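Source file: work.cif (mmCIF, C-alpha atoms)
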data_my_file
loop_
_atom_site.label_atom_id
_atom_site.label_comp_id
_atom_site.auth_asym_id
_atom_site.auth_seq_id
_atom_site.Cartn_x
_atom_site.Cartn_y
_atom_site.Cartn_z
CA MET A 1 18.38 -3.31 1.31
CA LYS A 2 15.38 -2.42 3.45
CA THR A 3 13.66 -0.69 0.54
CA ALA A 4 14.31 -3.69 -1.70
CA LEU A 5 12.65 -5.97 0.85
CA ASN A 6 9.77 -3.52 1.18
CA ILE A 7 9.20 -3.59 -2.58
CA LEU A 8 8.94 -7.39 -2.37
CA ARG A 9 6.60 -7.13 0.63
CA PHE A 10 4.42 -4.65 -1.23
CA THR A 11 4.33 -6.86 -4.29
CA PHE A 12 3.66 -10.25 -2.73
CA ASN A 13 2.17 -9.68 0.73
CA THR A 14 -1.53 -9.53 1.54
CA PRO A 15 -3.23 -8.73 4.86
CA SER A 16 -3.63 -12.47 5.52
CA GLY A 17 -0.53 -13.97 3.87
CA LYS A 18 2.96 -12.52 4.21
CA TYR A 19 6.36 -13.24 2.78
CA GLN A 20 8.78 -13.51 5.69
CA VAL A 21 12.53 -13.75 6.09
CA GLY A 22 13.21 -16.51 8.61
CA ILE A 23 14.58 -19.94 9.36
CA GLY A 24 13.04 -23.38 9.76
CA LYS A 25 10.56 -25.60 7.96
CA SER A 26 7.95 -23.88 5.83
CA ASN A 27 4.54 -23.68 7.49
CA LYS A 28 1.70 -25.65 5.95
CA THR A 29 -1.04 -24.58 8.37
CA MET A 30 -1.69 -21.77 10.82
CA PHE A 31 -0.76 -24.12 13.66
CA ASP A 32 2.73 -25.18 12.54
CA LYS A 33 5.52 -23.85 14.76
CA GLU A 34 8.71 -24.90 12.99
CA PHE A 35 9.26 -21.59 11.21
CA LEU A 36 10.91 -18.62 12.97
CA ALA A 37 10.30 -15.26 11.34
CA VAL A 38 12.77 -12.40 11.61
CA ALA A 39 10.72 -9.40 12.73
CA GLU A 40 12.32 -5.96 12.49
CA ASP A 41 10.99 -4.76 15.83
CA HIS A 42 11.33 -7.86 18.03
CA GLY A 43 13.81 -10.32 16.53
CA LEU A 44 12.85 -13.95 15.98
CA THR A 45 9.17 -14.74 16.38
CA GLN A 46 7.69 -18.22 16.53
CA HIS A 47 4.45 -19.14 14.83
CA PRO A 48 1.46 -18.95 15.16
CA PHE A 49 1.01 -15.43 13.84
CA ASP A 50 -2.16 -13.70 12.72
CA TYR A 51 -1.26 -14.72 9.18
CA LEU A 52 0.32 -17.60 7.30
CA PRO A 53 3.99 -17.05 6.35
CA THR A 54 4.24 -17.36 2.58
CA ALA A 55 7.07 -18.90 0.55
CA LEU A 56 8.39 -16.64 -2.19
CA ASP A 57 9.91 -17.92 -5.40
CA LEU A 58 11.62 -14.96 -7.04
CA CYS A 59 11.46 -16.75 -10.38
CA GLN A 60 7.73 -16.01 -10.33
CA ILE A 61 8.55 -12.40 -11.19
CA ASN A 62 9.63 -13.41 -14.69
CA ASN A 63 6.42 -15.29 -15.47
CA PRO A 64 4.45 -13.55 -18.26
CA GLU A 65 1.35 -13.34 -16.07
CA ASN A 66 3.33 -11.26 -13.57
CA ILE A 67 4.44 -8.59 -16.03
CA ALA A 68 2.66 -5.86 -14.04
CA ILE A 69 4.51 -6.91 -10.88
CA LYS A 70 7.84 -6.99 -12.71
CA ASN A 71 7.25 -3.52 -14.15
CA TYR A 72 6.33 -2.19 -10.73
CA ILE A 73 9.47 -3.59 -9.12
CA GLU A 74 11.63 -2.13 -11.89
CA ARG A 75 9.92 1.28 -11.73
CA VAL A 76 10.00 1.72 -7.95
CA GLY A 77 13.49 0.22 -7.75
CA GLY A 78 14.56 2.75 -10.35
CA ILE A 79 13.20 5.59 -8.23
CA GLU A 80 15.15 4.33 -5.22
CA GLY A 81 18.25 4.15 -7.40
CA LYS A 82 17.81 7.77 -8.49
CA ILE A 83 17.52 8.88 -4.87
CA LEU A 84 20.63 6.94 -3.84
CA ARG A 85 22.58 8.48 -6.74
CA GLU A 86 21.23 11.93 -5.72
CA LYS A 87 19.52 12.44 -9.06
CA ASN A 88 16.47 14.67 -9.39
CA THR A 89 13.08 13.09 -8.72
CA VAL A 90 9.62 14.55 -9.17
CA PRO A 91 7.16 14.69 -6.23
CA LEU A 92 5.06 11.83 -7.57
CA GLU A 93 8.11 9.55 -7.72
CA ARG A 94 8.96 10.28 -4.09
CA GLY A 95 5.33 9.81 -3.13
CA LEU A 96 5.22 6.45 -4.89
CA LEU A 97 8.32 5.23 -3.07
CA ASN A 98 6.98 6.47 0.27
CA ALA A 99 3.63 4.80 -0.36
CA THR A 100 5.34 1.51 -1.22
CA ASN A 101 7.31 1.58 2.03
CA LEU A 102 4.26 2.54 4.09
CA ILE A 103 2.14 -0.27 2.64
CA ALA A 104 4.92 -2.80 3.22
CA ASN A 105 5.44 -1.63 6.80
CA GLY A 106 1.71 -1.68 7.45
CA LEU A 107 1.36 -5.25 6.24
CA ASP A 108 4.37 -6.24 8.34
CA SER A 109 2.45 -5.29 11.49
CA GLU A 110 0.03 -7.66 13.22
CA GLU A 111 -1.94 -4.80 14.82
CA PRO A 112 -4.96 -3.69 12.72
CA THR A 113 -4.87 -0.12 14.03
CA ILE A 114 -1.24 0.27 12.95
CA GLN A 115 -2.06 -1.27 9.60
CA LEU A 116 -4.90 1.21 9.07
CA ILE A 117 -2.73 4.21 9.97
CA GLN A 118 0.11 3.14 7.68
CA LEU A 119 -2.13 2.30 4.74
CA MET A 120 -4.00 5.61 4.97
CA SER A 121 -0.66 7.43 5.13
CA ALA A 122 0.32 5.63 1.92
CA ILE A 123 -2.74 7.00 0.14
CA GLU A 124 -2.00 10.48 1.49
CA ALA A 125 1.55 10.25 0.13
CA LEU A 126 0.08 10.04 -3.37
CA VAL A 127 -2.86 12.44 -3.36
CA GLU A 128 -2.60 14.88 -0.43
CA GLN A 129 -1.68 18.54 -0.82
CA LYS A 130 -1.77 19.64 2.84
CA THR A 131 -5.08 21.57 2.76
CA PHE A 132 -8.56 20.15 3.37
CA VAL A 133 -6.78 16.83 3.73
CA GLN A 134 -9.70 14.46 4.28
CA SER A 135 -11.80 15.76 1.42
CA GLN A 136 -8.78 15.78 -0.90
CA VAL A 137 -7.75 12.24 -0.07
CA CYS A 138 -11.24 10.79 -0.41
CA GLU A 139 -12.32 12.74 -3.49
CA ARG A 140 -9.11 12.24 -5.44
CA THR A 141 -8.86 8.55 -4.68
CA ALA A 142 -12.47 8.12 -5.80
CA LEU A 143 -11.81 10.17 -8.94
CA LEU A 144 -8.81 8.08 -9.96
CA LEU A 145 -10.08 4.62 -9.12
CA GLY A 146 -13.82 4.81 -9.74
CA ALA A 147 -14.81 3.74 -13.24
CA THR A 148 -18.39 5.05 -12.87
CA GLU A 149 -20.12 7.74 -10.85
CA GLU A 150 -21.63 5.07 -8.58
CA ALA A 151 -18.21 3.51 -8.01
CA ARG A 152 -16.68 6.89 -7.17
CA VAL A 153 -19.42 7.63 -4.66
CA ASN A 154 -18.92 4.24 -2.99
CA ILE A 155 -15.16 4.71 -2.77
CA TYR A 156 -15.61 8.20 -1.36
CA LYS A 157 -18.03 7.02 1.33
CA THR A 158 -15.92 4.00 2.29
CA LEU A 159 -12.70 5.97 2.46
CA SER A 160 -14.35 8.75 4.47
CA VAL A 161 -15.33 6.24 7.17
CA LEU A 162 -11.83 4.75 7.26
CA TYR A 163 -10.23 8.19 7.31
CA GLY A 164 -12.41 9.08 10.28
CA LYS A 165 -11.14 6.02 12.13
CA ARG A 166 -7.55 6.95 11.33
CA SER A 167 -8.13 10.50 12.60
CA ASP A 168 -9.60 9.22 15.87
CA LEU A 169 -6.59 6.95 16.42
CA SER A 170 -4.07 9.64 15.47
CA HIS A 171 -5.57 12.08 17.99
CA GLY A 172 -5.50 9.69 20.92
CA GLY A 173 -9.01 8.33 20.51
CA THR A 174 -10.24 4.82 19.89
CA ALA A 175 -11.78 3.14 16.86
CA MET A 176 -12.99 -0.33 16.00
CA VAL A 177 -10.73 -1.49 13.16
CA THR A 178 -11.70 -4.78 11.51
CA HIS A 179 -9.80 -7.07 9.18
CA TYR A 180 -12.26 -6.02 6.47
CA ASP A 181 -11.23 -2.37 7.02
CA VAL A 182 -7.57 -3.29 6.55
CA VAL A 183 -8.24 -5.34 3.41
CA THR A 184 -10.37 -2.58 1.87
CA LEU A 185 -7.78 0.10 2.54
CA TRP A 186 -4.94 -2.14 1.33
CA GLU A 187 -6.75 -2.75 -1.96
CA LEU A 188 -7.30 0.99 -2.51
CA ALA A 189 -3.72 1.93 -1.61
CA ARG A 190 -2.23 -0.80 -3.78
CA GLU A 191 -4.49 0.07 -6.72
CA LEU A 192 -3.45 3.73 -6.47
CA CYS A 193 0.23 2.77 -6.58
CA PHE A 194 -0.25 0.68 -9.71
CA TYR A 195 -2.35 3.46 -11.23
CA PHE A 196 0.46 5.98 -10.92
CA VAL A 197 3.11 3.56 -12.17
CA TYR A 198 1.17 3.11 -15.41
CA SER A 199 -0.26 6.63 -15.63
CA LYS A 200 1.00 9.14 -18.18
CA PHE A 201 0.94 11.78 -15.43
CA GLN A 202 4.54 11.82 -14.23
CA ASN A 203 4.99 15.06 -12.32
CA SER A 204 2.28 15.71 -9.76
CA PHE A 205 -1.39 15.41 -8.98
CA LEU A 206 -1.91 18.94 -10.31
CA GLU A 207 -1.71 17.56 -13.86
CA ILE A 208 -4.76 15.43 -13.17
CA ILE A 209 -6.69 18.27 -11.56
CA THR A 210 -6.34 20.33 -14.75
CA LEU A 211 -8.46 17.78 -16.59
CA GLY A 212 -11.47 19.39 -14.92
CA CYS A 213 -12.89 16.08 -13.74
CA LYS A 214 -15.64 16.26 -11.13
CA ILE A 215 -17.20 13.87 -8.65
CA PHE A 216 -20.84 14.23 -7.79
CA LEU A 217 -21.10 13.29 -4.14
CA ILE A 218 -24.26 12.36 -2.26
#

Taking this structure as input, can you express it in the form of structure tokens?
Amino acid sequence: MKTALNILRFTFNTPSGKYQVGIGKSNKTMFDKEFLAVAEDHGLTQHPFDYLPTALDLCQINNPENIAIKNYIERVGGIEGKILREKNTVPLERGLLNATNLIANGLDSEEPTIQLIQLMSAIEALVEQKTFVQSQVCERTALLLGATEEARVNIYKTLSVLYGKRSDLSHGGTAMVTHYDVVTLWELARELCFYFVYSKFQNSFLEIITLGCKIFLI
């Protein structure tokens, strides 16, 4: 059940607007207080939050313009089903499910530092191979998502800065995390997830490495 809700959170939530399970009248503005959200870590929470609770009409999933969302839900839900039935899964499938849960949990937090840590972990779940972690994460994300050399360089530089902030936080340090940082990282993590859902590479990142693609970094 939790994974099913996380798939919906991944699909419909944004850093500034979140689908919430709760009771009461739907909020129309950031100042309405008639809606009580059910938060996993601290029970019922009254508005205002740092975001606007968003109504979710599940019928939207079947709209033709949401075909990508529907396919994603079916694909990730299928992976969860395989795990529950103890069927074999490939590493990329497990990474995709982990990334989906991490993104959903990150968006469910109201603390930017927690959001940054969770979203970066989601990217790592898809592209990391345990050695030279920062360079792997940044280079591979740039390689997959950048359509041009300039775009790849920009993604690499941006992600390197955000990874540095995550490292500082993870090792007991401090870092200034902005809403823009969270939005940027959320967009990259989400785009990676959709990339792998529609990619022909089904087994692991090693299949992509064998293409011999290179990034020229400044």

Long-range neighbours of Trp186 in chain A as a list in words, 9 Å cut-off, all atoms listed in the file, 5 positions minimum in chain | Thr14, Pro15, Ile103, Leu107, Gln115, Leu116, Leu119, Met120, Asp181 and Glu191 of chain A

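Closest approach to Leu8 in chain A among A:Cys138, A:Val161, A:Leu58, A:Ile83 is made by A:Leu58 (distances from all atoms listed in the file).
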
Using only C-alpha atoms, the best pick from A:Tyr198, A:Ser170, A:Thr184, A:Asn101 as closest to Asn154 in chain A would be A:Thr184

Practice prompt. State, in Å with one decimal place, the distance from CA of Phe10 in chain A to CA of Glu93 in chain A.
Written response: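 Between these atoms lies a distance of 16.0 Å.
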
- Message: Just to confirm, what's the straight-line distance from CA of Val197 in chain A to CA of Tyr72 in chain A in Å (one decimal)?
- Response: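 Between these atoms lies a distance of 6.7 Å.
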
- Excluding same-chain residues fewer than 2 positions from Gly164 in chain A, what lies within 12 Å of it counting only C-alpha atoms, as a ChimeraX atom specification? /A:116-117,120,133-135,137-138,157-162,166-171,173-177,181

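As for CA of Gly77 in chain A and CA of Val90 in chain A, they are spaced 14.9 Å apart.
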
(Q) Here is a test: counting only C-alpha atoms, which residue of A:Asn105, A:Gln136, A:Asn62, A:Thr113 is nearest to Glu74 in chain A? (A)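 With only C-alpha atoms as the atom set, the closest residue is A:Asn62.
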
Checklist entry - Using all atoms listed in the file, which residues sit within 12 Å of Gly78 in chain A once same-chain residues fewer than 2 positions away are excluded, as a PyMOL selection string? => result chain A and resi 3-4+7+71-76+80-85+87+89+93-94+96-97+197

Would you fill the gaps in range 69-99 of chain A so it has N, CA and C atoms, then print it as an mmCIF file, in the coordinates of the input?
data_model
loop_
_atom_site.group_PDB
_atom_site.id
_atom_site.type_symbol
_atom_site.label_atom_id
_atom_site.label_comp_id
_atom_site.auth_asym_id
_atom_site.auth_seq_id
_atom_site.Cartn_x
_atom_site.Cartn_y
_atom_site.Cartn_z
ATOM 1 N N ILE A 69 3.682 -6.894 -12.087
ATOM 2 C CA ILE A 69 4.510 -6.910 -10.880
ATOM 3 C C ILE A 69 5.962 -6.604 -11.228
ATOM 4 N N LYS A 70 6.459 -7.222 -12.291
ATOM 5 C CA LYS A 70 7.840 -6.990 -12.710
ATOM 6 C C LYS A 70 8.062 -5.528 -13.055
ATOM 7 N N ASN A 71 7.128 -4.935 -13.793
ATOM 8 C CA ASN A 71 7.250 -3.520 -14.150
ATOM 9 C C ASN A 71 7.229 -2.631 -12.920
ATOM 10 N N TYR A 72 6.402 -2.989 -11.954
ATOM 11 C CA TYR A 72 6.330 -2.190 -10.730
ATOM 12 C C TYR A 72 7.649 -2.239 -9.982
ATOM 13 N N ILE A 73 8.196 -3.438 -9.829
ATOM 14 C CA ILE A 73 9.470 -3.590 -9.120
ATOM 15 C C ILE A 73 10.567 -2.779 -9.813
ATOM 16 N N GLU A 74 10.609 -2.857 -11.147
ATOM 17 C CA GLU A 74 11.630 -2.130 -11.890
ATOM 18 C C GLU A 74 11.439 -0.617 -11.757
ATOM 19 N N ARG A 75 10.186 -0.165 -11.802
ATOM 20 C CA ARG A 75 9.920 1.280 -11.730
ATOM 21 C C ARG A 75 10.248 1.839 -10.348
ATOM 22 N N VAL A 76 9.766 1.203 -9.299
ATOM 23 C CA VAL A 76 10.000 1.720 -7.950
ATOM 24 C C VAL A 76 11.475 1.523 -7.561
ATOM 25 N N GLY A 77 12.062 0.398 -7.987
ATOM 26 C CA GLY A 77 13.490 0.220 -7.750
ATOM 27 C C GLY A 77 14.318 1.275 -8.448
ATOM 28 N N GLY A 78 13.880 1.683 -9.632
ATOM 29 C CA GLY A 78 14.560 2.750 -10.350
ATOM 30 C C GLY A 78 14.485 4.083 -9.620
ATOM 31 N N ILE A 79 13.346 4.363 -9.010
ATOM 32 C CA ILE A 79 13.200 5.590 -8.230
ATOM 33 C C ILE A 79 14.150 5.594 -7.040
ATOM 34 N N GLU A 80 14.227 4.449 -6.342
ATOM 35 C CA GLU A 80 15.150 4.330 -5.220
ATOM 36 C C GLU A 80 16.591 4.528 -5.693
ATOM 37 N N GLY A 81 16.913 3.971 -6.856
ATOM 38 C CA GLY A 81 18.250 4.150 -7.400
ATOM 39 C C GLY A 81 18.571 5.605 -7.691
ATOM 40 N N LYS A 82 17.603 6.347 -8.215
ATOM 41 C CA LYS A 82 17.810 7.770 -8.490
ATOM 42 C C LYS A 82 18.075 8.545 -7.208
ATOM 43 N N ILE A 83 17.340 8.195 -6.154
ATOM 44 C CA ILE A 83 17.520 8.880 -4.870
ATOM 45 C C ILE A 83 18.904 8.577 -4.297
ATOM 46 N N LEU A 84 19.316 7.319 -4.365
ATOM 47 C CA LEU A 84 20.630 6.940 -3.840
ATOM 48 C C LEU A 84 21.757 7.611 -4.612
ATOM 49 N N ARG A 85 21.553 7.826 -5.914
ATOM 50 C CA ARG A 85 22.580 8.480 -6.740
ATOM 51 C C ARG A 85 22.420 9.999 -6.731
ATOM 52 N N GLU A 86 21.475 10.488 -5.889
ATOM 53 C CA GLU A 86 21.230 11.930 -5.720
ATOM 54 C C GLU A 86 20.824 12.594 -7.034
ATOM 55 N N LYS A 87 20.071 11.865 -7.844
ATOM 56 C CA LYS A 87 19.520 12.440 -9.060
ATOM 57 C C LYS A 87 18.167 13.067 -8.754
ATOM 58 N N ASN A 88 17.741 13.982 -9.606
ATOM 59 C CA ASN A 88 16.470 14.670 -9.390
ATOM 60 C C ASN A 88 15.295 13.705 -9.530
ATOM 61 N N THR A 89 14.326 13.851 -8.643
ATOM 62 C CA THR A 89 13.080 13.090 -8.720
ATOM 63 C C THR A 89 11.917 14.057 -8.613
ATOM 64 N N VAL A 90 10.809 13.716 -9.256
ATOM 65 C CA VAL A 90 9.620 14.550 -9.170
ATOM 66 C C VAL A 90 8.808 14.132 -7.953
ATOM 67 N N PRO A 91 7.920 15.005 -7.445
ATOM 68 C CA PRO A 91 7.160 14.690 -6.230
ATOM 69 C C PRO A 91 6.405 13.365 -6.298
ATOM 70 N N LEU A 92 5.838 13.053 -7.458
ATOM 71 C CA LEU A 92 5.060 11.830 -7.570
ATOM 72 C C LEU A 92 5.947 10.596 -7.415
ATOM 73 N N GLU A 93 7.188 10.664 -7.895
ATOM 74 C CA GLU A 93 8.110 9.550 -7.720
ATOM 75 C C GLU A 93 8.415 9.328 -6.243
ATOM 76 N N ARG A 94 8.684 10.403 -5.533
ATOM 77 C CA ARG A 94 8.960 10.280 -4.090
ATOM 78 C C ARG A 94 7.731 9.789 -3.343
ATOM 79 N N GLY A 95 6.562 10.272 -3.760
ATOM 80 C CA GLY A 95 5.330 9.810 -3.130
ATOM 81 C C GLY A 95 5.088 8.339 -3.358
ATOM 82 N N LEU A 96 5.412 7.863 -4.568
ATOM 83 C CA LEU A 96 5.220 6.450 -4.890
ATOM 84 C C LEU A 96 6.143 5.565 -4.058
ATOM 85 N N LEU A 97 7.382 5.997 -3.894
ATOM 86 C CA LEU A 97 8.320 5.230 -3.070
ATOM 87 C C LEU A 97 7.885 5.235 -1.613
ATOM 88 N N ASN A 98 7.461 6.393 -1.112
ATOM 89 C CA ASN A 98 6.980 6.470 0.270
ATOM 90 C C ASN A 98 5.762 5.580 0.480
ATOM 91 N N ALA A 99 4.843 5.615 -0.470
ATOM 92 C CA ALA A 99 3.630 4.800 -0.360
ATOM 93 C C ALA A 99 3.973 3.318 -0.346
#
